[in-house]
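Listing of data_16.pdb, PDB, C-alpha atoms, pLDDT in the B column
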```pdb
MODEL        1
ATOM      1  CA  MET A   1       5.256  43.978 -65.979  1.00 37.00           C
ATOM      2  CA  GLU A   2       8.205  46.070 -64.841  1.00 37.00           C
ATOM      3  CA  GLU A   3      10.650  45.295 -62.069  1.00 36.00           C
ATOM      4  CA  THR A   4      12.679  47.457 -59.710  1.00 36.00           C
ATOM      5  CA  ASN A   5      15.878  46.927 -57.736  1.00 36.00           C
ATOM      6  CA  LYS A   6      16.075  48.101 -54.071  1.00 44.00           C
ATOM      7  CA  TYR A   7      14.273  47.965 -50.701  1.00 41.00           C
ATOM      8  CA  TYR A   8      12.370  51.046 -49.535  1.00 44.00           C
ATOM      9  CA  VAL A   9       9.066  52.127 -48.003  1.00 53.00           C
ATOM     10  CA  LYS A  10       6.811  54.986 -49.056  1.00 61.00           C
ATOM     11  CA  LEU A  11       3.286  56.258 -48.506  1.00 72.00           C
ATOM     12  CA  ILE A  12       0.807  56.350 -51.383  1.00 71.00           C
ATOM     13  CA  TYR A  13      -2.195  58.672 -51.666  1.00 68.00           C
ATOM     14  CA  SER A  14      -5.296  57.454 -53.528  1.00 67.00           C
ATOM     15  CA  LYS A  15      -5.066  60.769 -55.421  1.00 70.00           C
ATOM     16  CA  GLY A  16      -1.811  59.530 -56.932  1.00 70.00           C
ATOM     17  CA  SER A  17       0.630  61.445 -54.704  1.00 75.00           C
ATOM     18  CA  LYS A  18       3.586  59.546 -53.291  1.00 78.00           C
ATOM     19  CA  PHE A  19       5.549  60.429 -50.152  1.00 78.00           C
ATOM     20  CA  ASP A  20       8.964  58.821 -49.981  1.00 78.00           C
ATOM     21  CA  ASN A  21      10.478  57.673 -46.722  1.00 77.00           C
ATOM     22  CA  PRO A  22      13.002  60.415 -45.764  1.00 81.00           C
ATOM     23  CA  ARG A  23      15.384  57.671 -44.472  1.00 83.00           C
ATOM     24  CA  ILE A  24      16.389  59.766 -41.476  1.00 86.00           C
ATOM     25  CA  LEU A  25      18.449  56.958 -39.951  1.00 86.00           C
ATOM     26  CA  ASN A  26      20.602  56.763 -43.077  1.00 86.00           C
ATOM     27  CA  LYS A  27      21.428  60.470 -42.839  1.00 89.00           C
ATOM     28  CA  HIS A  28      22.763  60.093 -39.287  1.00 92.00           C
ATOM     29  CA  GLU A  29      24.080  56.551 -39.549  1.00 91.00           C
ATOM     30  CA  PHE A  30      27.735  57.483 -40.086  1.00 94.00           C
ATOM     31  CA  ASN A  31      27.726  59.925 -37.160  1.00 94.00           C
ATOM     32  CA  LEU A  32      26.038  57.342 -34.943  1.00 94.00           C
ATOM     33  CA  LYS A  33      28.560  54.689 -35.917  1.00 94.00           C
ATOM     34  CA  LEU A  34      31.453  57.064 -35.159  1.00 95.00           C
ATOM     35  CA  LYS A  35      30.082  57.982 -31.718  1.00 95.00           C
ATOM     36  CA  GLN A  36      29.486  54.314 -30.852  1.00 95.00           C
ATOM     37  CA  GLN A  37      33.035  53.405 -31.872  1.00 95.00           C
ATOM     38  CA  GLN A  38      34.388  56.169 -29.641  1.00 95.00           C
ATOM     39  CA  LEU A  39      32.237  54.887 -26.769  1.00 95.00           C
ATOM     40  CA  SER A  40      33.549  51.327 -27.162  1.00 94.00           C
ATOM     41  CA  ARG A  41      37.138  52.567 -26.757  1.00 94.00           C
ATOM     42  CA  LYS A  42      36.535  54.359 -23.458  1.00 94.00           C
ATOM     43  CA  GLN A  43      37.438  52.685 -20.187  1.00 93.00           C
ATOM     44  CA  LYS A  44      34.425  51.404 -18.257  1.00 92.00           C
ATOM     45  CA  GLY A  45      33.527  53.582 -15.293  1.00 90.00           C
ATOM     46  CA  SER A  46      35.529  56.581 -16.527  1.00 94.00           C
ATOM     47  CA  ASN A  47      34.154  60.104 -16.949  1.00 95.00           C
ATOM     48  CA  ASN A  48      35.070  60.039 -20.634  1.00 95.00           C
ATOM     49  CA  ARG A  49      32.865  56.969 -21.122  1.00 94.00           C
ATOM     50  CA  ILE A  50      29.954  58.797 -19.480  1.00 94.00           C
ATOM     51  CA  LYS A  51      30.470  61.786 -21.794  1.00 95.00           C
ATOM     52  CA  SER A  52      30.735  59.532 -24.823  1.00 95.00           C
ATOM     53  CA  ARG A  53      27.555  57.673 -23.864  1.00 95.00           C
ATOM     54  CA  LYS A  54      25.713  60.991 -23.691  1.00 96.00           C
ATOM     55  CA  LYS A  55      26.923  61.858 -27.203  1.00 95.00           C
ATOM     56  CA  VAL A  56      25.482  58.576 -28.514  1.00 96.00           C
ATOM     57  CA  GLY A  57      22.198  59.404 -26.785  1.00 96.00           C
ATOM     58  CA  PHE A  58      22.128  62.840 -28.407  1.00 96.00           C
ATOM     59  CA  VAL A  59      22.402  61.281 -31.880  1.00 95.00           C
ATOM     60  CA  HIS A  60      19.588  58.831 -31.118  1.00 94.00           C
ATOM     61  CA  ARG A  61      17.436  61.719 -29.852  1.00 95.00           C
ATOM     62  CA  LYS A  62      18.166  63.697 -33.026  1.00 94.00           C
ATOM     63  CA  ILE A  63      17.014  60.772 -35.191  1.00 93.00           C
ATOM     64  CA  THR A  64      13.840  60.353 -33.122  1.00 92.00           C
ATOM     65  CA  ASN A  65      13.002  64.059 -33.231  1.00 94.00           C
ATOM     66  CA  CYS A  66      13.492  64.275 -37.001  1.00 93.00           C
ATOM     67  CA  ARG A  67      11.272  61.232 -37.593  1.00 91.00           C
ATOM     68  CA  GLU A  68       8.520  62.505 -35.294  1.00 93.00           C
ATOM     69  CA  ASP A  69       8.655  65.965 -36.904  1.00 94.00           C
ATOM     70  CA  PHE A  70       8.168  64.481 -40.381  1.00 91.00           C
ATOM     71  CA  LEU A  71       5.324  62.203 -39.241  1.00 92.00           C
ATOM     72  CA  HIS A  72       3.543  64.985 -37.344  1.00 94.00           C
ATOM     73  CA  LYS A  73       3.629  67.339 -40.341  1.00 92.00           C
ATOM     74  CA  LEU A  74       2.508  64.679 -42.818  1.00 90.00           C
ATOM     75  CA  SER A  75      -0.296  63.349 -40.587  1.00 91.00           C
ATOM     76  CA  ARG A  76      -1.550  66.885 -39.910  1.00 93.00           C
ATOM     77  CA  ARG A  77      -1.618  67.633 -43.642  1.00 90.00           C
ATOM     78  CA  ILE A  78      -3.580  64.464 -44.405  1.00 89.00           C
ATOM     79  CA  VAL A  79      -6.114  65.093 -41.629  1.00 91.00           C
ATOM     80  CA  ASN A  80      -6.619  68.719 -42.676  1.00 91.00           C
ATOM     81  CA  GLU A  81      -7.191  67.860 -46.347  1.00 87.00           C
ATOM     82  CA  ASN A  82      -9.605  64.930 -45.920  1.00 87.00           C
ATOM     83  CA  GLN A  83     -12.797  63.973 -44.098  1.00 88.00           C
ATOM     84  CA  VAL A  84     -12.294  60.184 -44.292  1.00 89.00           C
ATOM     85  CA  ILE A  85      -8.890  58.508 -43.872  1.00 89.00           C
ATOM     86  CA  VAL A  86      -8.511  54.835 -44.782  1.00 90.00           C
ATOM     87  CA  VAL A  87      -5.338  52.877 -43.983  1.00 89.00           C
ATOM     88  CA  GLU A  88      -4.252  49.257 -44.243  1.00 87.00           C
ATOM     89  CA  ASN A  89      -3.945  47.338 -40.966  1.00 87.00           C
ATOM     90  CA  LEU A  90      -0.459  45.911 -41.402  1.00 83.00           C
ATOM     91  CA  ASN A  91       1.270  43.337 -39.206  1.00 83.00           C
ATOM     92  CA  VAL A  92       4.314  45.523 -38.596  1.00 82.00           C
ATOM     93  CA  ARG A  93       5.794  43.238 -35.940  1.00 83.00           C
ATOM     94  CA  GLY A  94       5.624  40.265 -38.298  1.00 84.00           C
ATOM     95  CA  MET A  95       7.152  42.232 -41.176  1.00 81.00           C
ATOM     96  CA  MET A  96      10.052  43.227 -38.922  1.00 82.00           C
ATOM     97  CA  GLN A  97      11.065  39.553 -38.729  1.00 84.00           C
ATOM     98  CA  ASN A  98      12.350  39.799 -42.313  1.00 80.00           C
ATOM     99  CA  HIS A  99      15.953  40.992 -41.933  1.00 80.00           C
ATOM    100  CA  CYS A 100      15.965  42.388 -45.496  1.00 77.00           C
ATOM    101  CA  LEU A 101      13.033  44.697 -44.810  1.00 76.00           C
ATOM    102  CA  ALA A 102      13.295  45.413 -41.075  1.00 79.00           C
ATOM    103  CA  LYS A 103      15.494  48.499 -41.362  1.00 80.00           C
ATOM    104  CA  SER A 104      13.290  50.220 -43.956  1.00 78.00           C
ATOM    105  CA  ILE A 105      10.117  49.423 -42.010  1.00 79.00           C
ATOM    106  CA  HIS A 106      11.653  50.652 -38.758  1.00 80.00           C
ATOM    107  CA  GLN A 107      12.763  53.925 -40.342  1.00 81.00           C
ATOM    108  CA  VAL A 108       9.316  54.844 -41.636  1.00 81.00           C
ATOM    109  CA  GLY A 109       7.619  54.467 -38.219  1.00 84.00           C
ATOM    110  CA  TRP A 110       4.306  53.203 -39.622  1.00 83.00           C
ATOM    111  CA  GLY A 111       2.805  52.280 -36.236  1.00 85.00           C
ATOM    112  CA  MET A 112       3.526  55.732 -34.816  1.00 89.00           C
ATOM    113  CA  PHE A 113       2.167  57.357 -37.968  1.00 89.00           C
ATOM    114  CA  CYS A 114      -1.150  55.482 -37.715  1.00 89.00           C
ATOM    115  CA  THR A 115      -1.451  56.479 -34.051  1.00 92.00           C
ATOM    116  CA  MET A 116      -0.967  60.135 -34.987  1.00 93.00           C
ATOM    117  CA  LEU A 117      -3.541  59.901 -37.769  1.00 92.00           C
ATOM    118  CA  LYS A 118      -6.077  58.301 -35.444  1.00 93.00           C
ATOM    119  CA  TYR A 119      -5.918  60.752 -32.547  1.00 94.00           C
ATOM    120  CA  LYS A 120      -5.711  63.780 -34.847  1.00 94.00           C
ATOM    121  CA  ALA A 121      -8.749  62.517 -36.753  1.00 92.00           C
ATOM    122  CA  GLU A 122     -10.613  62.157 -33.439  1.00 92.00           C
ATOM    123  CA  MET A 123      -9.687  65.667 -32.349  1.00 93.00           C
ATOM    124  CA  SER A 124     -10.739  67.150 -35.710  1.00 92.00           C
ATOM    125  CA  GLY A 125     -14.009  65.230 -35.984  1.00 92.00           C
ATOM    126  CA  LYS A 126     -12.769  63.241 -38.984  1.00 91.00           C
ATOM    127  CA  ILE A 127     -13.232  59.521 -39.706  1.00 91.00           C
ATOM    128  CA  TYR A 128     -10.326  57.071 -39.416  1.00 91.00           C
ATOM    129  CA  GLN A 129     -10.932  53.591 -40.844  1.00 91.00           C
ATOM    130  CA  GLU A 130      -8.630  50.558 -41.067  1.00 90.00           C
ATOM    131  CA  VAL A 131      -8.947  47.866 -43.746  1.00 90.00           C
ATOM    132  CA  ASP A 132      -7.963  44.270 -43.055  1.00 90.00           C
ATOM    133  CA  ARG A 133      -4.398  43.360 -44.079  1.00 88.00           C
ATOM    134  CA  PHE A 134      -5.634  40.375 -46.100  1.00 90.00           C
ATOM    135  CA  PHE A 135      -7.778  42.510 -48.414  1.00 91.00           C
ATOM    136  CA  PRO A 136      -6.320  41.993 -51.969  1.00 90.00           C
ATOM    137  CA  SER A 137      -5.825  45.688 -52.711  1.00 89.00           C
ATOM    138  CA  SER A 138      -2.779  45.279 -54.979  1.00 89.00           C
ATOM    139  CA  LYS A 139      -4.084  42.338 -57.023  1.00 91.00           C
ATOM    140  CA  THR A 140      -7.543  43.799 -57.765  1.00 92.00           C
ATOM    141  CA  CYS A 141      -8.177  46.105 -60.725  1.00 93.00           C
ATOM    142  CA  HIS A 142     -10.051  49.146 -59.386  1.00 90.00           C
ATOM    143  CA  VAL A 143     -11.718  49.671 -62.791  1.00 91.00           C
ATOM    144  CA  CYS A 144     -13.339  46.271 -63.452  1.00 93.00           C
ATOM    145  CA  LEU A 145     -12.594  44.527 -60.079  1.00 91.00           C
ATOM    146  CA  ASN A 146     -10.790  41.682 -61.849  1.00 91.00           C
ATOM    147  CA  GLN A 147      -8.306  39.955 -59.519  1.00 91.00           C
ATOM    148  CA  VAL A 148      -5.007  38.471 -60.697  1.00 89.00           C
ATOM    149  CA  GLY A 149      -3.685  35.206 -59.262  1.00 86.00           C
ATOM    150  CA  SER A 150      -0.303  36.376 -58.021  1.00 86.00           C
ATOM    151  CA  LEU A 151       1.611  39.642 -58.040  1.00 87.00           C
ATOM    152  CA  PRO A 152       5.223  39.464 -56.759  1.00 87.00           C
ATOM    153  CA  LEU A 153       6.499  42.353 -54.671  1.00 80.00           C
ATOM    154  CA  ASP A 154       9.047  43.420 -57.291  1.00 83.00           C
ATOM    155  CA  VAL A 155       6.331  44.010 -59.936  1.00 87.00           C
ATOM    156  CA  ARG A 156       5.384  47.696 -59.709  1.00 86.00           C
ATOM    157  CA  PHE A 157       3.284  48.044 -62.892  1.00 90.00           C
ATOM    158  CA  TRP A 158       0.803  45.567 -64.350  1.00 90.00           C
ATOM    159  CA  THR A 159      -1.944  45.445 -67.000  1.00 92.00           C
ATOM    160  CA  CYS A 160      -5.395  44.038 -66.296  1.00 91.00           C
ATOM    161  CA  GLU A 161      -6.167  41.129 -68.638  1.00 90.00           C
ATOM    162  CA  LYS A 162      -9.888  41.895 -68.619  1.00 90.00           C
ATOM    163  CA  CYS A 163     -10.101  45.659 -69.249  1.00 92.00           C
ATOM    164  CA  GLN A 164      -6.494  46.227 -70.434  1.00 92.00           C
ATOM    165  CA  THR A 165      -5.994  49.052 -67.950  1.00 91.00           C
ATOM    166  CA  ARG A 166      -2.369  49.660 -67.034  1.00 92.00           C
ATOM    167  CA  HIS A 167      -1.942  50.104 -63.292  1.00 91.00           C
ATOM    168  CA  ASP A 168       0.663  51.580 -61.021  1.00 88.00           C
ATOM    169  CA  ARG A 169       0.578  48.910 -58.327  1.00 88.00           C
ATOM    170  CA  ASP A 170       0.748  51.410 -55.467  1.00 86.00           C
ATOM    171  CA  VAL A 171      -1.869  53.869 -56.729  1.00 87.00           C
ATOM    172  CA  ASN A 172      -4.238  51.060 -57.703  1.00 90.00           C
ATOM    173  CA  ALA A 173      -3.956  49.533 -54.219  1.00 89.00           C
ATOM    174  CA  SER A 174      -4.587  52.861 -52.478  1.00 88.00           C
ATOM    175  CA  ILE A 175      -7.728  53.440 -54.577  1.00 89.00           C
ATOM    176  CA  ASN A 176      -8.995  49.962 -53.680  1.00 90.00           C
ATOM    177  CA  LEU A 177      -8.321  50.645 -49.993  1.00 89.00           C
ATOM    178  CA  ARG A 178     -10.248  53.907 -50.172  1.00 88.00           C
ATOM    179  CA  ASP A 179     -13.221  52.220 -51.856  1.00 90.00           C
ATOM    180  CA  GLU A 180     -13.182  49.297 -49.396  1.00 91.00           C
ATOM    181  CA  GLY A 181     -13.000  51.667 -46.429  1.00 89.00           C
ATOM    182  CA  LEU A 182     -15.975  53.662 -47.685  1.00 89.00           C
ATOM    183  CA  ARG A 183     -17.885  50.418 -48.276  1.00 91.00           C
ATOM    184  CA  ILE A 184     -17.223  49.328 -44.675  1.00 90.00           C
ATOM    185  CA  LEU A 185     -18.364  52.683 -43.342  1.00 88.00           C
ATOM    186  CA  THR A 186     -21.573  52.757 -45.380  1.00 87.00           C
ATOM    187  CA  SER A 187     -22.414  49.184 -44.372  1.00 83.00           C
ATOM    188  CA  GLY A 188     -21.867  50.024 -40.720  1.00 72.00           C
ATOM    189  CA  THR A 189     -19.517  47.104 -40.027  1.00 60.00           C
ATOM    190  CA  GLY A 190     -16.335  48.982 -39.181  1.00 54.00           C
ATOM    191  CA  ASP A 191     -15.131  50.846 -36.127  1.00 48.00           C
ATOM    192  CA  LYS A 192     -14.410  54.481 -36.765  1.00 44.00           C
ATOM    193  CA  ALA A 193     -12.743  57.304 -34.894  1.00 43.00           C
ATOM    194  CA  CYS A 194     -15.313  60.040 -35.353  1.00 41.00           C
ATOM    195  CA  ARG A 195     -15.915  63.024 -33.082  1.00 39.00           C
ATOM    196  CA  PRO A 196     -18.565  65.188 -34.832  1.00 39.00           C
ATOM    197  CA  ASP A 197     -19.260  67.016 -31.549  1.00 41.00           C
ATOM    198  CA  VAL A 198     -15.756  68.475 -31.349  1.00 39.00           C
ATOM    199  CA  SER A 199     -15.906  72.272 -31.482  1.00 40.00           C
ATOM    200  CA  ARG A 200     -13.291  74.130 -33.449  1.00 41.00           C
ATOM    201  CA  SER A 201     -11.283  76.771 -31.595  1.00 41.00           C
ATOM    202  CA  LYS A 202     -11.410  80.409 -32.671  1.00 44.00           C
ATOM    203  CA  GLY A 203      -7.951  80.193 -34.163  1.00 43.00           C
ATOM    204  CA  GLY A 204      -8.576  76.844 -35.820  1.00 42.00           C
ATOM    205  CA  ARG A 205      -7.981  75.913 -39.426  1.00 40.00           C
ATOM    206  CA  LYS A 206     -10.596  76.316 -42.110  1.00 40.00           C
ATOM    207  CA  LYS A 207     -12.578  73.298 -43.218  1.00 41.00           C
ATOM    208  CA  SER A 208     -11.135  71.396 -46.145  1.00 38.00           C
ATOM    209  CA  THR A 209     -12.496  72.154 -49.590  1.00 36.00           C
ATOM    210  CA  THR A 210     -10.505  69.369 -51.257  1.00 37.00           C
ATOM    211  CA  ALA A 211     -11.269  65.660 -51.613  1.00 45.00           C
ATOM    212  CA  LEU A 212     -13.554  64.155 -48.963  1.00 56.00           C
ATOM    213  CA  SER A 213     -11.768  60.825 -48.617  1.00 59.00           C
ATOM    214  CA  VAL A 214      -8.326  59.356 -49.090  1.00 63.00           C
ATOM    215  CA  GLY A 215      -6.819  55.889 -49.100  1.00 61.00           C
ATOM    216  CA  LEU A 216      -3.318  55.555 -47.667  1.00 63.00           C
ATOM    217  CA  LEU A 217      -1.024  52.680 -48.507  1.00 55.00           C
ATOM    218  CA  PRO A 218       2.385  52.049 -46.933  1.00 57.00           C
ATOM    219  CA  THR A 219       4.203  50.470 -49.845  1.00 50.00           C
ATOM    220  CA  LEU A 220       7.185  48.183 -49.504  1.00 42.00           C
ATOM    221  CA  THR A 221       9.175  47.936 -52.712  1.00 40.00           C
ATOM    222  CA  ALA A 222      11.575  45.010 -53.038  1.00 39.00           C
ATOM    223  CA  LYS A 223      14.670  45.561 -55.102  1.00 38.00           C
ATOM    224  CA  ARG A 224      18.036  43.902 -55.443  1.00 38.00           C
ATOM    225  CA  GLU A 225      20.939  46.161 -54.722  1.00 38.00           C
ATOM    226  CA  ARG A 226      23.535  46.364 -57.459  1.00 38.00           C
ATOM    227  CA  ARG A 227      27.064  46.412 -56.182  1.00 37.00           C
TER     228      ARG A 227
ENDMDL
END
```
Please render this file's structure as structure tokens.
Amino acid sequence: MEETNKYYVKLIYSKGSKFDNPRILNKHEFNLKLKQQQLSRKQKGSNNRIKSRKKVGFVHRKITNCREDFLHKLSRRIVNENQVIVVENLNVRGMMQNHCLAKSIHQVGWGMFCTMLKYKAEMSGKIYQEVDRFFPSSKTCHVCLNQVGSLPLDVRFWTCEKCQTRHDRDVNASINLRDEGLRILTSGTGDKACRPDVSRSKGGRKKSTTALSVGLLPTLTAKRERR
């Protein structure tokens, strides 16, 4: 088992593709800090304080626009390339209580991303399926379905004791989520966002000729920062 050494969030495709969090807040953090410091030095009620407060608002708007632009483009790509989209139903609010992880989780905007996936899937006549957060996707071998007892967050690669298959923790979990989502759909026990009656506009995109289903996993990697 191999370990890593920092906190970050990324999205994993069941095909093996990985989309890193662009960390948009980090790119504008220094500018935001500078504008907030300038605001704190202005006299309350003055015109300069009003101007400075607007500058802080502009930076916040820039961060929001960049995040939404990235999420819109990525969600549109995923919906266009797949017929079935399976995601993990995470307790984002509970995860935000961890002060070590809150910033990374906030930056990635997972709740907003899932909302975009869902309504875009509805509009395109695709299927959106959520898998329960307690499903052991990371600890289950997708080859032989053997389940390990414990798998700490800092372990990114592990070998199945039964079939000796070496797994990338993230890719293995996304494959398990995809398979579990398809199982739920075929058994008829899950709610799905499906609009097969939606008509495509004349200028619409062509139907996907790639994979029919995809499992998406928001992965939180725990690392210790080296100073």
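For the residues A:Leu71, A:Val108, A:Met96, A:Val84, ranking by smallest atom-to-atom distance to Leu25 of chain A using all atoms listed in the file places A:Val108 first.
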_Test item: the PyMOL selection byres ((chain A and resi 55) around 12) resolved as a list in words_ = Asn31, Leu32, Lys33, Leu34, Lys35, Gln36, Gln37, Gln38, Leu39, Asn48, Arg49, Ile50, Lys51, Ser52, Arg53, Lys54, Val56, Gly57, Phe58, Val59, His60, Arg61 and Lys62 of chain A
Restricting the output to C-alpha atoms, write the selected residues as an mmCIF file, keeping the file's coordinate frame.
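What landed in again.cif:
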```
data_model
loop_
_atom_site.group_PDB
_atom_site.id
_atom_site.type_symbol
_atom_site.label_atom_id
_atom_site.label_comp_id
_atom_site.auth_asym_id
_atom_site.auth_seq_id
_atom_site.Cartn_x
_atom_site.Cartn_y
_atom_site.Cartn_z
ATOM 1 C CA ASN A 31 27.726 59.925 -37.160
ATOM 2 C CA LEU A 32 26.038 57.342 -34.943
ATOM 3 C CA LYS A 33 28.560 54.689 -35.917
ATOM 4 C CA LEU A 34 31.453 57.064 -35.159
ATOM 5 C CA LYS A 35 30.082 57.982 -31.718
ATOM 6 C CA GLN A 36 29.486 54.314 -30.852
ATOM 7 C CA GLN A 37 33.035 53.405 -31.872
ATOM 8 C CA GLN A 38 34.388 56.169 -29.641
ATOM 9 C CA LEU A 39 32.237 54.887 -26.769
ATOM 10 C CA ASN A 48 35.070 60.039 -20.634
ATOM 11 C CA ARG A 49 32.865 56.969 -21.122
ATOM 12 C CA ILE A 50 29.954 58.797 -19.480
ATOM 13 C CA LYS A 51 30.470 61.786 -21.794
ATOM 14 C CA SER A 52 30.735 59.532 -24.823
ATOM 15 C CA ARG A 53 27.555 57.673 -23.864
ATOM 16 C CA LYS A 54 25.713 60.991 -23.691
ATOM 17 C CA VAL A 56 25.482 58.576 -28.514
ATOM 18 C CA GLY A 57 22.198 59.404 -26.785
ATOM 19 C CA PHE A 58 22.128 62.840 -28.407
ATOM 20 C CA VAL A 59 22.402 61.281 -31.880
ATOM 21 C CA HIS A 60 19.588 58.831 -31.118
ATOM 22 C CA ARG A 61 17.436 61.719 -29.852
ATOM 23 C CA LYS A 62 18.166 63.697 -33.026
#
```
What are the centre and edge lengths in Å, to one decimal, of the axis-aligned box around all listed atoms of segment 172-191 of chain A with 6 Å added on each side, as JSON?
```
{"center_x": -13.2, "center_y": 50.5, "center_z": -46.9, "size_x": 30.5, "size_y": 18.8, "size_z": 33.6}
```
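When you apply the PyMOL selection byres ((chain A and resi 161) around 12) to this structure, what comes back is A:Lys139, A:Thr140, A:Cys141, A:Val143, A:Cys144, A:Leu145, A:Asn146, A:Gln147, A:Val148, A:Gly149, A:Trp158, A:Thr159, A:Cys160, A:Lys162, A:Cys163, A:Gln164, A:Thr165, A:Arg166, A:His167.
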Of A:Leu74, A:Met116, A:Val79, A:Leu90, the one sitting nearest Asp20 of chain A when using all atoms listed in the file is A:Leu74
Problem set entry | Test item: residues at most 10 Å from His106 of chain A, all atoms listed in the file, excluding those fewer than 4 positions along its chain, as number ranges by chain | A: 9, 23, 25, 92-93, 95-96, 101-102, 110-111
query = For the file shown, what are the residues hit by the PyMOL selection byres ((chain A and resi 120) around 10), laid out as a list in words?
reply = His72, Ser75, Arg76, Ile78, Val79, Asn80, Cys114, Thr115, Met116, Leu117, Lys118, Tyr119, Ala121, Glu122, Met123, Ser124, Gly125, Lys126, Ile127, Tyr128 and Ala193 of chain A
A straight line from atom CA of Arg67 of chain A to atom CA of Gly109 of chain A spans 7.7 Å
Computed gap from atom CA of Asn26 of chain A to atom CA of Arg169 of chain A is 26.4 Å
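Straight-line separation from atom CA of Asp154 of chain A to atom CA of Asp132 of chain A: 22.2 Å.
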Segment 37-142 of chain A near segment 177-185 of chain A within 10 Å: what's each residue's closest atom pair and its distance in Å to one decimal, counting only C-alpha atoms, ordered by chain then ascending residue number, as a Markdown table?
```
| residue | atom | partner | partner_atom | distance |
| --- | --- | --- | --- | --- |
| A:Val84 | CA | A:Leu182 | CA | 8.2 |
| A:Ile85 | CA | A:Arg178 | CA | 7.9 |
| A:Val86 | CA | A:Gly181 | CA | 5.7 |
| A:Val87 | CA | A:Leu177 | CA | 7.1 |
| A:Glu88 | CA | A:Leu177 | CA | 7.2 |
| A:Ile127 | CA | A:Leu185 | CA | 9.3 |
| A:Tyr128 | CA | A:Gly181 | CA | 9.2 |
| A:Gln129 | CA | A:Gly181 | CA | 6.3 |
| A:Glu130 | CA | A:Gly181 | CA | 7.0 |
| A:Val131 | CA | A:Gly181 | CA | 6.2 |
| A:Asp132 | CA | A:Leu177 | CA | 9.4 |
| A:Phe135 | CA | A:Leu177 | CA | 8.3 |
| A:Pro136 | CA | A:Leu177 | CA | 9.1 |
| A:Ser137 | CA | A:Leu177 | CA | 6.2 |
| A:Ser138 | CA | A:Leu177 | CA | 9.2 |
| A:His142 | CA | A:Asp179 | CA | 8.7 |
```
Could you add whatever atoms are missing so that segment 89-102 of chain A carries N, CA and C atoms, then write the result as a CSV table (one decimal), in the frame of the given file?
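Produced file rebuild_20.csv, reproduced below:
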```csv
chain,number,residue,atom,x,y,z
A,89,ASN,N,-4.4,47.8,-42.3
A,89,ASN,CA,-3.9,47.3,-41.0
A,89,ASN,C,-2.8,46.3,-41.1
A,90,LEU,N,-1.6,46.8,-41.1
A,90,LEU,CA,-0.5,45.9,-41.4
A,90,LEU,C,0.0,45.2,-40.1
A,91,ASN,N,0.6,44.1,-40.3
A,91,ASN,CA,1.3,43.3,-39.2
A,91,ASN,C,2.7,43.8,-39.2
A,92,VAL,N,3.0,44.9,-38.6
A,92,VAL,CA,4.3,45.5,-38.6
A,92,VAL,C,5.3,44.6,-37.9
A,93,ARG,N,4.9,44.1,-36.7
A,93,ARG,CA,5.8,43.2,-35.9
A,93,ARG,C,6.2,42.0,-36.7
A,94,GLY,N,5.3,41.4,-37.5
A,94,GLY,CA,5.6,40.3,-38.3
A,94,GLY,C,6.5,40.6,-39.5
A,95,MET,N,6.3,41.8,-40.1
A,95,MET,CA,7.2,42.2,-41.2
A,95,MET,C,8.6,42.5,-40.7
A,96,MET,N,8.7,42.9,-39.4
A,96,MET,CA,10.1,43.2,-38.9
A,96,MET,C,10.9,42.0,-38.8
A,97,GLN,N,10.3,40.8,-38.8
A,97,GLN,CA,11.1,39.6,-38.7
A,97,GLN,C,11.9,39.3,-40.0
A,98,ASN,N,11.6,39.9,-41.1
A,98,ASN,CA,12.4,39.8,-42.3
A,98,ASN,C,13.6,40.7,-42.2
A,99,HIS,N,14.8,40.2,-42.1
A,99,HIS,CA,16.0,41.0,-41.9
A,99,HIS,C,16.3,41.9,-43.1
A,100,CYS,N,15.7,41.6,-44.3
A,100,CYS,CA,16.0,42.4,-45.5
A,100,CYS,C,15.1,43.7,-45.5
A,101,LEU,N,14.0,43.6,-44.8
A,101,LEU,CA,13.0,44.7,-44.8
A,101,LEU,C,13.0,45.4,-43.5
A,102,ALA,N,13.5,44.9,-42.4
A,102,ALA,CA,13.3,45.4,-41.1
A,102,ALA,C,13.8,46.9,-40.9
```
